[in-house]
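J.: Just query34.txt, nothing more (compact mmCIF, C-alpha atoms and all ligand atoms):
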# COMPACT_ATOMS: atom_id res chain seq x y z
CA MET A 847 0.00 0.00 0.00
CA THR A 848 1.36 3.44 -0.93
CA ASP A 849 1.28 6.59 1.19
CA ALA A 850 -1.41 7.94 -1.11
CA ASP A 851 -3.58 4.87 -0.58
CA GLU A 852 -3.25 5.21 3.18
CA LYS A 853 -4.51 8.80 3.02
CA ASN A 854 -7.35 7.97 0.64
CA HIS A 855 -10.86 6.87 1.39
CA ALA A 856 -12.82 4.15 -0.37
CA VAL A 857 -16.15 5.29 -1.76
CA ALA A 858 -18.90 3.31 -3.45
CA ILE A 859 -21.60 5.22 -5.26
CA ASN A 860 -24.42 4.06 -7.48
CA VAL A 861 -23.98 6.23 -10.55
CA ASN A 862 -26.66 6.09 -13.23
CA GLY A 863 -27.65 2.64 -12.01
CA VAL A 864 -24.13 1.20 -11.88
CA ARG A 865 -22.09 0.68 -8.71
CA ARG A 866 -18.84 2.61 -9.03
CA THR A 867 -15.96 2.56 -6.59
CA ALA A 868 -12.91 4.74 -6.12
CA SER A 869 -10.18 5.62 -3.69
CA VAL A 870 -10.26 9.36 -3.14
CA GLU A 871 -8.52 12.07 -1.20
CA ALA A 872 -10.67 13.56 1.53
CA ARG A 873 -10.59 16.94 -0.20
CA LYS A 874 -11.80 15.69 -3.60
CA LEU A 875 -15.06 17.20 -4.75
CA LEU A 876 -17.80 14.95 -6.08
CA VAL A 877 -17.83 16.79 -9.40
CA HIS A 878 -14.16 15.92 -9.91
CA LEU A 879 -14.76 12.28 -9.02
CA LEU A 880 -17.53 12.12 -11.61
CA ARG A 881 -15.56 13.87 -14.32
CA ASP A 882 -11.99 12.76 -13.73
CA ASP A 883 -12.39 9.26 -12.30
CA PHE A 884 -15.66 8.12 -13.84
CA GLY A 885 -15.36 9.98 -17.15
CA LEU A 886 -18.79 11.59 -16.84
CA THR A 887 -17.84 14.92 -18.35
CA GLY A 888 -21.38 16.02 -19.12
CA THR A 889 -21.39 17.57 -15.65
CA HIS A 890 -19.52 20.85 -15.98
CA VAL A 891 -17.54 23.12 -13.68
CA GLY A 892 -18.33 26.74 -14.42
CA CYS A 893 -17.17 28.56 -11.30
CA ASP A 894 -15.35 28.07 -8.04
CA THR A 895 -17.92 29.85 -5.92
CA SER A 896 -20.87 27.38 -5.97
CA GLN A 897 -22.92 29.88 -7.94
CA CYS A 898 -23.27 28.79 -11.56
CA GLY A 899 -25.14 25.49 -11.25
CA ALA A 900 -23.36 23.89 -14.22
CA CYS A 901 -22.38 20.99 -11.95
CA THR A 902 -25.93 20.15 -10.84
CA ILE A 903 -26.69 16.44 -10.51
CA ASP A 904 -29.24 14.32 -8.66
CA ILE A 905 -28.19 12.76 -5.36
CA ASP A 906 -30.75 10.51 -3.73
CA GLY A 907 -33.58 12.32 -5.47
CA LYS A 908 -32.42 15.89 -4.90
CA ALA A 909 -30.79 18.28 -7.34
CA ILE A 910 -27.45 19.26 -5.81
CA LYS A 911 -24.49 21.27 -7.01
CA SER A 912 -21.82 18.58 -7.10
CA CYS A 913 -19.05 21.12 -6.51
CA THR A 914 -20.47 21.69 -3.03
CA ILE A 915 -20.13 18.04 -1.96
CA LEU A 916 -17.03 16.09 -1.12
CA ALA A 917 -16.78 12.74 -2.87
CA VAL A 918 -16.52 11.00 0.51
CA MET A 919 -19.83 12.57 1.53
CA ALA A 920 -21.53 10.84 -1.41
CA ASP A 921 -20.38 7.39 -0.29
CA GLY A 922 -23.36 5.03 -0.34
CA SER A 923 -25.60 7.40 -2.27
CA SER A 924 -27.33 7.10 -5.62
CA VAL A 925 -26.34 9.67 -8.20
CA THR A 926 -27.88 10.51 -11.54
CA THR A 927 -25.95 12.67 -13.98
CA ILE A 928 -26.98 14.02 -17.36
CA GLU A 929 -25.56 10.85 -18.94
CA GLY A 930 -28.14 8.85 -16.99
CA LEU A 931 -31.09 10.60 -18.65
CA ALA A 932 -30.53 9.12 -22.11
CA PRO A 933 -28.42 6.04 -21.43
CA GLY A 934 -26.40 4.54 -24.23
CA GLY A 935 -27.05 7.50 -26.51
CA GLY A 936 -30.71 6.44 -26.80
CA ALA A 937 -33.71 8.71 -27.31
CA LEU A 938 -33.44 12.10 -25.65
CA HIS A 939 -35.09 12.53 -22.29
CA PRO A 940 -38.24 14.68 -22.67
CA ILE A 941 -36.51 17.63 -20.98
CA GLN A 942 -33.58 17.34 -23.37
CA ALA A 943 -35.99 17.11 -26.30
CA ALA A 944 -37.84 20.22 -25.10
CA PHE A 945 -34.58 22.18 -24.82
CA HIS A 946 -33.72 21.08 -28.34
CA GLU A 947 -37.14 21.95 -29.71
CA HIS A 948 -37.26 25.38 -28.11
CA HIS A 949 -33.65 26.34 -28.85
CA ALA A 950 -32.97 26.59 -25.14
CA LEU A 951 -29.21 26.39 -25.49
CA GLN A 952 -26.44 28.03 -27.42
CA CYS A 953 -22.97 27.00 -26.23
CA GLY A 954 -24.49 24.29 -24.05
CA PHE A 955 -22.17 24.81 -21.12
CA CYS A 956 -24.96 25.36 -18.61
CA THR A 957 -27.38 22.90 -20.17
CA ALA A 958 -26.71 19.72 -18.19
CA GLY A 959 -27.08 21.59 -14.92
CA MET A 960 -30.19 23.38 -16.15
CA ILE A 961 -31.80 20.12 -17.17
CA MET A 962 -31.03 18.45 -13.85
CA SER A 963 -32.58 21.41 -12.01
CA VAL A 964 -35.63 21.39 -14.27
CA ARG A 965 -36.01 17.66 -13.64
CA GLN A 966 -36.18 18.33 -9.91
CA LEU A 967 -38.65 21.19 -10.40
CA LEU A 968 -41.02 19.11 -12.50
CA LYS A 969 -40.90 16.23 -10.01
CA GLN A 970 -41.99 18.61 -7.26
CA ASN A 971 -44.26 20.81 -9.32
CA PRO A 972 -45.42 19.31 -12.62
CA ASN A 973 -47.19 22.49 -13.67
CA PRO A 974 -44.99 25.43 -12.71
CA THR A 975 -45.78 29.00 -13.63
CA GLU A 976 -43.25 31.13 -15.48
CA ARG A 977 -42.44 32.85 -12.20
CA GLU A 978 -41.89 29.50 -10.47
CA ILE A 979 -39.67 28.31 -13.32
CA ARG A 980 -37.54 31.44 -13.15
CA HIS A 981 -37.35 31.23 -9.37
CA ASN A 982 -36.34 27.56 -9.50
CA LEU A 983 -33.60 28.23 -12.03
CA ALA A 984 -32.14 31.15 -10.09
CA GLY A 985 -29.22 28.94 -9.06
CA ASN A 986 -28.33 28.10 -12.65
CA ILE A 987 -26.53 30.74 -14.66
CA CYS A 988 -26.62 30.86 -18.45
CA ARG A 989 -24.36 33.35 -20.15
CA CYS A 990 -25.88 32.84 -23.60
CA THR A 991 -29.64 32.57 -23.94
CA GLY A 992 -31.13 35.26 -21.76
CA TYR A 993 -33.27 32.46 -20.27
CA HIS A 994 -36.33 33.16 -22.44
CA ASN A 995 -36.16 29.95 -24.46
CA ILE A 996 -35.19 27.93 -21.41
CA VAL A 997 -38.38 29.07 -19.70
CA ARG A 998 -40.37 28.30 -22.88
CA ALA A 999 -38.91 24.80 -22.96
CA VAL A 1000 -39.92 24.14 -19.37
CA GLU A 1001 -43.38 25.60 -19.94
CA SER A 1002 -43.85 23.16 -22.82
CA LEU A 1003 -43.29 20.30 -20.37
CA ALA A 1004 -45.82 21.46 -17.82
CA SER A 1005 -48.60 18.94 -17.44
CA GLY A 1006 -51.52 19.74 -19.66
CA ALA A 1007 -49.44 22.06 -21.80
CA HIS A 1008 -49.10 21.17 -25.45
CA ARG A 1009 -47.56 24.32 -26.77
CA HIS A 1010 -44.90 23.71 -29.36
CA ASP A 1011 -44.51 27.27 -30.57
FE1 LIG A 1101 -20.73 24.09 -9.15
FE2 LIG A 1101 -20.45 26.44 -10.46
S1 LIG A 1101 -19.30 24.60 -10.71
S2 LIG A 1101 -21.91 25.88 -8.93
FE1 LIG A 1102 -24.20 28.87 -23.06
FE2 LIG A 1102 -26.11 28.50 -21.24
S1 LIG A 1102 -26.16 27.97 -23.36
S2 LIG A 1102 -24.07 29.14 -20.92
Spell out the structure here as structure tokens.

T.:
Amino acid sequence: MTDADEKNHAVAINVNGVRRTASVEARKLLVHLLRDDFGLTGTHVGCDTSQCGACTIDIDGKAIKSCTILAVMADGSSVTTIEGLAPGGGALHPIQAAFHEHHALQCGFCTAGMIMSVRQLLKQNPNPTEREIRHNLAGNICRCTGYHNIVRAVESLASGAHRHD
């Protein structure tokens, strides 16, 4: 066993339905475990102040900014990342399809985090108002779209809504 191994901690996390294990330093952030060790680079890092939301994932049913969690804190949890929404490159998840349809992205840097936050919103509130959508996405920053089309995309998903304009 090396010095590094002695300082590291074993973690086991269910990621997108698959049990993944790693040996991590105590200071390692969950977002870096996902990206660097597990190769799940759809989750982005857009700031170092926990403000942008690009790193948002689902941990045990809650949308969480994965740059605010240490990897060791996620030991034993179930994580869903953007890659888990359309596994194996299959059909887009309805939220992804709505973003596509409503041109709710430009560079795409914020998109994974936006979609994971929207997923949480729609689980809690399947029929959000525009105000509720904007309030819910306050923790996700987009530097491109001005948010208008993002809100339109989410509105199109609200239960009972069939707008495709
Ligand atoms: Fe996590 Fe910006 S990278 S909030
Ligand atoms: Fe570029 Fe949101 S689409 S940051």

J.: Which chains and residue numbers are within 7 Å of ligand LIG 1102 (chain A), counting all atoms listed in the file, if I want them as a count of residues only?

T.: 12

J.: Can you tell me which residues sit at most 10 Å away from ligand LIG 1101 (chain A), counting only C-alpha atoms and all ligand atoms, written as a list in words?

T.: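 Residues satisfying the distance criterion: Leu875, Val877, Thr889, His890, Val891, Gly892, Cys893, Asp894, Thr895, Ser896, Gln897, Cys898, Gly899, Ala900, Cys901, Thr902, Ile903, Ile910, Lys911, Ser912, Cys913, Thr914, Ile915, Cys956, Gly959, Gly985, Asn986 and Ile987 of chain A.
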
J.: Rounded to one decimal, what separation in Å do you get between CA of Asn995 in chain A and CA of His949 in chain A?

T.: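 Answer for the CA of Asn995 in chain A to CA of His949 in chain A separation: 6.2 Å.
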
J.: At what distance in Å, to one decimal, does CA of Ile928 in chain A lie from CA of Arg873 in chain A?

T.: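 Separation of CA of Arg873 in chain A and CA of Ile928 in chain A: 23.9 Å.
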
J.: Choose the residue, out of A:Ala856, A:Ala932, A:Leu938, A:Ser1005, that has the smallest atom-to-atom separation from Pro972 in chain A; count only C-alpha atoms.

T.: A:Ser1005

J.: Work out how far CA of Leu967 in chain A is from CA of Asn982 in chain A, in Å to one decimal.

T.: 6.8 Å

J.: Go through A:Ala984, A:Ala943, A:Ile859, A:Met962 one by one, measure the shortest atom-to-atom distance of each to Gly907 in chain A using only C-alpha atoms, and give the residue with the smallest value.

T.: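 Looking at the shortest contact to Gly907 in chain A, the residue is A:Met962.
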
J.: Identify, on the basis of all atoms listed in the file, every residue whose closest approach to Ala917 in chain A does not exceed 12 Å; exclude the query and any residue fewer than 6 positions from it along the same chain; express the result as a list in words.

T.: Asn854, His855, Ala856, Val857, Ala858, Ile859, Thr867, Ala868, Ser869, Val870, Glu871, Ala872, Arg873, Lys874, Leu875, Leu876, Val877, His878, Leu879, Leu880, Arg881, Asp882, Asp883, Phe884, Ile905, Ser923 and Val925 of chain A

J.: Using only the atoms of range 996-1003 of chain A listed in the file, plus 8 Å on each side, state the axis-aligned box centre and edge lengths in Å rounded to one decimal, as AutoDock Vina command-line options.

T.:
--center_x -39.5 --center_y 24.7 --center_z -21.2 --size_x 24.7 --size_y 24.8 --size_z 19.6

J.: Residues within 9 Å of Ala944 in chain A, please, as number ranges by chain. Count only C-alpha atoms; anything in the same chain fewer than 6 positions from it doesn't count.

T.: A: 950, 996, 998-1000, 1002-1003, 1010

J.: For Asp921 in chain A, which residue out of A:Asp906, A:Glu947, A:Glu852, A:Glu1001 is the nearest one, using all atoms listed in the file?

T.: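 Checking each of A:Asp906, A:Glu947, A:Glu852, A:Glu1001 against Asp921 in chain A, counting all atoms listed in the file, the winner is A:Asp906.
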
J.: I'd like the contact shell of Arg980 in chain A - 9 Å cut-off, all atoms listed in the file, skipping same-chain residues fewer than 5 positions apart - returned as a PDB file with C-alpha atoms, in the coordinates of the input.

T.:
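So the final result, stored in around-v8.pdb, reads:
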ATOM      1  CA  THR A 975     -45.780  29.000 -13.630  1.00  0.00           C
ATOM      2  CA  TYR A 993     -33.270  32.460 -20.270  1.00  0.00           C
ATOM      3  CA  VAL A 997     -38.380  29.070 -19.700  1.00  0.00           C
TER       4      VAL A 997
END

J.: Select, counting all atoms listed in the file, all protein, DNA and RNA residues no farther than 8 Å from (-33.1, 14.8, -14.5) in file coordinates, and express the selection as a count of residues only.

T.: 13
